[in-house]
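One structure is given here, and the rest of the page talks about it.
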2 protein chains.
Amino acid sequence: MPEQRVPDVVISRLPLYLRTLKQLRAQGQSLISSHQLAEILNLTSAQIRKDLSMFGEFGKQGTGYSVPYLIEQLERILHVDQVWDMIVVGAGALGQALVNYPGFEANGFRIVAIYDNDPAKIGLHLGRLVVKDVATMPDDVRAHRWRIGILAVPEATAQSVAETMVDAGIRAILCYAPTILALPPEVRVQYIDPIVHLQHMSYYLEREDES
Amino acid sequence: MPEQRVPDVVISRLPLYLRTLKQLRAQGQSLISSHQLAEILNLTSAQIRKDLSMFGEFGKQGTGYSVPYLIEQLERILHVDQVWDMIVVGAGALGQALVNYPGFEANGFRIVAIYDNDPAKIGLHLGRLVVKDVATMPDDVRAHRWRIGILAVPEATAQSVAETMVDAGIRAILCYAPTILALPPEVRVQYIDPIVHLQHMSYYLEREDES
DNA sequence: CCTTGTGAATATGTTCACAGCA
DNA sequence: TGCTGTGAACATATTCACAAGG
């Protein structure tokens, strides 16, 4: 397996390839060409072939790619041929929706604990989990060597909660708070902010009075 | 104002600039240099200056940028100097969390209706909104000329609901369903899928057994 | 024929470095 | 001095186009 320095932009597309391949598998398709995959994803076939070629030669000339085999390879590359335990901090509407979301388990992730600092929320039952006091989070993270945290707290507390997570051993954070976290560079952070996406789209929308 | 063809990647950064400037304004800061802003955002100062220069000359040499003035300009550029009405389709845990989220109103957006096809959810009160039958959505969208829709339905129904939205006049969709929508190119779509971000990060995490 | 994988060519994006100005 | 705005230089990413294989 080559896999030298792979550009981050390539890594960002692999989960989309994997997701689409799983959909095709669910529909019973066992082979796919880069052209077909490109059409579904609104990309070019050359880009898909080049991306995959950074990790090995997975296709067959004249035939294309085996869907199950490519899924297996992508899961290995993305390290989701195992299940990652995750914690959620923040048990508001968003944290509760996350705990409720069935998509994690099927894709290599599992929420194993949820925390809040609000006494009114601590003790609340959410499915199989009970909201715990965030003060107990660092010891839990250390004890279980958990690596992934989801930040679902308000902007005002996001930075300090993130620092506490990192001190306890968290190395990857999915941040739903609308702010940029200042953290050591070895900690991976990904951001989800619907406002950013909406404003990106509203740029292209004409004003009401221009229509 | 020049504003010819601006690369999409530049547009994608403007909401982050705007969000950060609003945070600085809330802290009482009235001036900022491209260097300070770059440090907060983990970017280079040249990139920020070049991005902004595509829309005009907003800064002062030796001084930097006026925070309130730059906010005003970015809001104008992104068309969030008005409030956009939005609908949500899907009143599950995610749809309910979205209706509950206070961040929209402060940033140029407002959820004005939420729909579902589940009789058990129709009629449910969520804050000031009541869940309506999704069958009534197209007429509502046409009557009010709503342009923005948030898709919070399961993957299986996302494509057909999206098509119904677009037929009714929706021109921008924020899609939380984990799938790529096939829609006419004039319709803007942005995707939010936590799995994509988590798998992006797990690529960089070492396996448990490698530690 | 149909595919993949890939070097070469092109296109795009970022950073450098500095003139010009407060 | 300290800053912006920007052409030039550089770096990165994408697409083309084709050899090679089934």
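Letters A, B, ... mark the chains of the structure tokens in the order given; residue numbers begin at 1 per chain; ligand numbers begin at 1, in order shown.
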
Spatial neighbours of DA22 in chain C, 12 Å, only C-alpha atoms (C1' of nucleotides), chain gap at least 4 places, as an MDAnalysis selection string: (chainID B and resid 59:64) or (chainID D and resid 1:4)

Given the selection you just returned, output its residues as a file containing N, CA, C and O atoms (P, O5', C5', C4', C3', O3' and C1' of nucleotides), formatted as an mmCIF file, in the first residue's frame.
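The result, stored in out.cif:
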data_model
loop_
_atom_site.group_PDB
_atom_site.id
_atom_site.type_symbol
_atom_site.label_atom_id
_atom_site.label_comp_id
_atom_site.auth_asym_id
_atom_site.auth_seq_id
_atom_site.Cartn_x
_atom_site.Cartn_y
_atom_site.Cartn_z
ATOM 1 N N GLY B 59 -10.455 48.313 4.170
ATOM 2 C CA GLY B 59 -9.529 48.599 5.255
ATOM 3 C C GLY B 59 -8.845 49.944 5.129
ATOM 4 O O GLY B 59 -9.002 50.635 4.116
ATOM 5 N N LYS B 60 -8.094 50.302 6.170
ATOM 6 C CA LYS B 60 -7.305 51.532 6.155
ATOM 7 C C LYS B 60 -5.867 51.152 6.459
ATOM 8 O O LYS B 60 -5.596 50.436 7.421
ATOM 9 N N GLN B 61 -4.954 51.645 5.616
ATOM 10 C CA GLN B 61 -3.541 51.346 5.852
ATOM 11 C C GLN B 61 -3.104 51.864 7.205
ATOM 12 O O GLN B 61 -3.486 52.940 7.620
ATOM 13 N N GLY B 62 -2.297 51.072 7.879
ATOM 14 C CA GLY B 62 -1.793 51.454 9.188
ATOM 15 C C GLY B 62 -2.767 51.194 10.313
ATOM 16 O O GLY B 62 -2.370 51.120 11.473
ATOM 17 N N THR B 63 -4.036 51.012 10.001
ATOM 18 C CA THR B 63 -5.092 50.902 11.010
ATOM 19 C C THR B 63 -5.735 49.522 11.029
ATOM 20 O O THR B 63 -5.928 48.917 12.078
ATOM 21 N N GLY B 64 -6.093 49.037 9.841
ATOM 22 C CA GLY B 64 -6.811 47.765 9.762
ATOM 23 C C GLY B 64 -8.247 47.997 9.314
ATOM 24 O O GLY B 64 -8.528 48.925 8.560
ATOM 25 P P DT D 1 11.121 50.676 11.094
ATOM 26 O "O5'" DT D 1 9.681 50.811 11.775
ATOM 27 C "C5'" DT D 1 9.545 51.274 13.119
ATOM 28 C "C4'" DT D 1 8.080 51.564 13.291
ATOM 29 C "C3'" DT D 1 7.183 50.407 12.847
ATOM 30 O "O3'" DT D 1 6.801 49.653 13.961
ATOM 31 C "C1'" DT D 1 6.403 52.502 11.975
ATOM 32 P P DG D 2 5.950 48.295 13.795
ATOM 33 O "O5'" DG D 2 4.583 48.767 13.135
ATOM 34 C "C5'" DG D 2 3.592 49.453 13.880
ATOM 35 C "C4'" DG D 2 2.315 49.403 13.092
ATOM 36 C "C3'" DG D 2 1.980 47.992 12.610
ATOM 37 O "O3'" DG D 2 0.600 47.732 12.731
ATOM 38 C "C1'" DG D 2 2.215 49.425 10.749
ATOM 39 P P DC D 3 0.066 46.254 12.503
ATOM 40 O "O5'" DC D 3 -0.743 46.399 11.141
ATOM 41 C "C5'" DC D 3 -1.946 47.136 11.107
ATOM 42 C "C4'" DC D 3 -2.143 47.687 9.724
ATOM 43 C "C3'" DC D 3 -2.411 46.659 8.639
ATOM 44 O "O3'" DC D 3 -3.776 46.311 8.646
ATOM 45 C "C1'" DC D 3 -1.051 48.469 7.865
ATOM 46 P P DT D 4 -4.319 45.176 7.666
ATOM 47 O "O5'" DT D 4 -4.573 45.948 6.303
ATOM 48 C "C5'" DT D 4 -5.461 47.057 6.257
ATOM 49 C "C4'" DT D 4 -5.429 47.685 4.868
ATOM 50 C "C3'" DT D 4 -5.976 46.803 3.759
ATOM 51 O "O3'" DT D 4 -6.804 47.585 2.915
ATOM 52 C "C1'" DT D 4 -3.723 47.383 3.278
#

Range 1-66 of chain A: residues DSSP assigns to helix (DSSP H, G or I), reported as number ranges by chain: A: 8-26, 34-41, 45-53

Sort by chain and increasing residue number a table of all residues of chain A within 12 Å of chain C, each with its closest pair of atoms and their distance in Å to one decimal, counting only C-alpha atoms (C1' of nucleotides), and write it as JSON lines.
{"residue": "A:Leu31", "atom": "CA", "partner": "C:DT3", "partner_atom": "C1'", "distance": 11.8}
{"residue": "A:Ile32", "atom": "CA", "partner": "C:DT3", "partner_atom": "C1'", "distance": 10.5}
{"residue": "A:Ser33", "atom": "CA", "partner": "C:DT3", "partner_atom": "C1'", "distance": 7.7}
{"residue": "A:Ser34", "atom": "CA", "partner": "C:DT4", "partner_atom": "C1'", "distance": 8.8}
{"residue": "A:His35", "atom": "CA", "partner": "C:DT3", "partner_atom": "C1'", "distance": 9.9}
{"residue": "A:Gln36", "atom": "CA", "partner": "C:DT3", "partner_atom": "C1'", "distance": 11.9}
{"residue": "A:Ser45", "atom": "CA", "partner": "C:DT4", "partner_atom": "C1'", "distance": 10.5}
{"residue": "A:Ala46", "atom": "CA", "partner": "C:DG5", "partner_atom": "C1'", "distance": 9.5}
{"residue": "A:Gln47", "atom": "CA", "partner": "C:DG5", "partner_atom": "C1'", "distance": 11.4}
{"residue": "A:Ile48", "atom": "CA", "partner": "C:DT4", "partner_atom": "C1'", "distance": 10.9}
{"residue": "A:Arg49", "atom": "CA", "partner": "C:DG5", "partner_atom": "C1'", "distance": 7.2}
{"residue": "A:Lys50", "atom": "CA", "partner": "C:DG5", "partner_atom": "C1'", "distance": 7.6}
{"residue": "A:Asp51", "atom": "CA", "partner": "C:DG5", "partner_atom": "C1'", "distance": 10.6}
{"residue": "A:Leu52", "atom": "CA", "partner": "C:DG5", "partner_atom": "C1'", "distance": 9.6}
{"residue": "A:Ser53", "atom": "CA", "partner": "C:DG5", "partner_atom": "C1'", "distance": 6.9}
{"residue": "A:Met54", "atom": "CA", "partner": "C:DG5", "partner_atom": "C1'", "distance": 10.2}
{"residue": "A:Phe55", "atom": "CA", "partner": "C:DG5", "partner_atom": "C1'", "distance": 11.8}
{"residue": "A:Gly56", "atom": "CA", "partner": "C:DG5", "partner_atom": "C1'", "distance": 9.8}
{"residue": "A:Glu57", "atom": "CA", "partner": "C:DG5", "partner_atom": "C1'", "distance": 7.7}
{"residue": "A:Phe58", "atom": "CA", "partner": "C:DT4", "partner_atom": "C1'", "distance": 9.0}
{"residue": "A:Gly59", "atom": "CA", "partner": "C:DT4", "partner_atom": "C1'", "distance": 6.2}
{"residue": "A:Lys60", "atom": "CA", "partner": "C:DT4", "partner_atom": "C1'", "distance": 6.1}
{"residue": "A:Gln61", "atom": "CA", "partner": "C:DT3", "partner_atom": "C1'", "distance": 4.1}
{"residue": "A:Gly62", "atom": "CA", "partner": "C:DT3", "partner_atom": "C1'", "distance": 3.0}
{"residue": "A:Thr63", "atom": "CA", "partner": "C:DT3", "partner_atom": "C1'", "distance": 5.3}
{"residue": "A:Gly64", "atom": "CA", "partner": "C:DT3", "partner_atom": "C1'", "distance": 6.0}
{"residue": "A:Tyr65", "atom": "CA", "partner": "C:DT4", "partner_atom": "C1'", "distance": 9.1}

Filtered DSSP result for chain A, state strand (DSSP E or B), as an MDAnalysis selection string: chainID A and resid 31:32 59:60 64:66 84:89 109:116 125:126 129:130 132:133 148:151 172:175 188:191

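The chain A residues that come within 6 Å of chain B are Ser12, Pro15, Leu78, His79, Ala93, Leu94, Ala97, Val196, His200, Ser202 and Tyr203 of chain A, with only C-alpha atoms taken into account.
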
Spatial neighbours of Tyr115 in chain B, max dist 12 Å, only C-alpha atoms (C1' of nucleotides), sep filter under 4 positions, as a count of residues only: 38

Using only C-alpha atoms (C1' of nucleotides): which of A:Ile71, A:Ala143, A:Leu37, A:Leu43 has the shortest distance to chain D: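 For chain D, the nearest of the given residues is A:Leu43.
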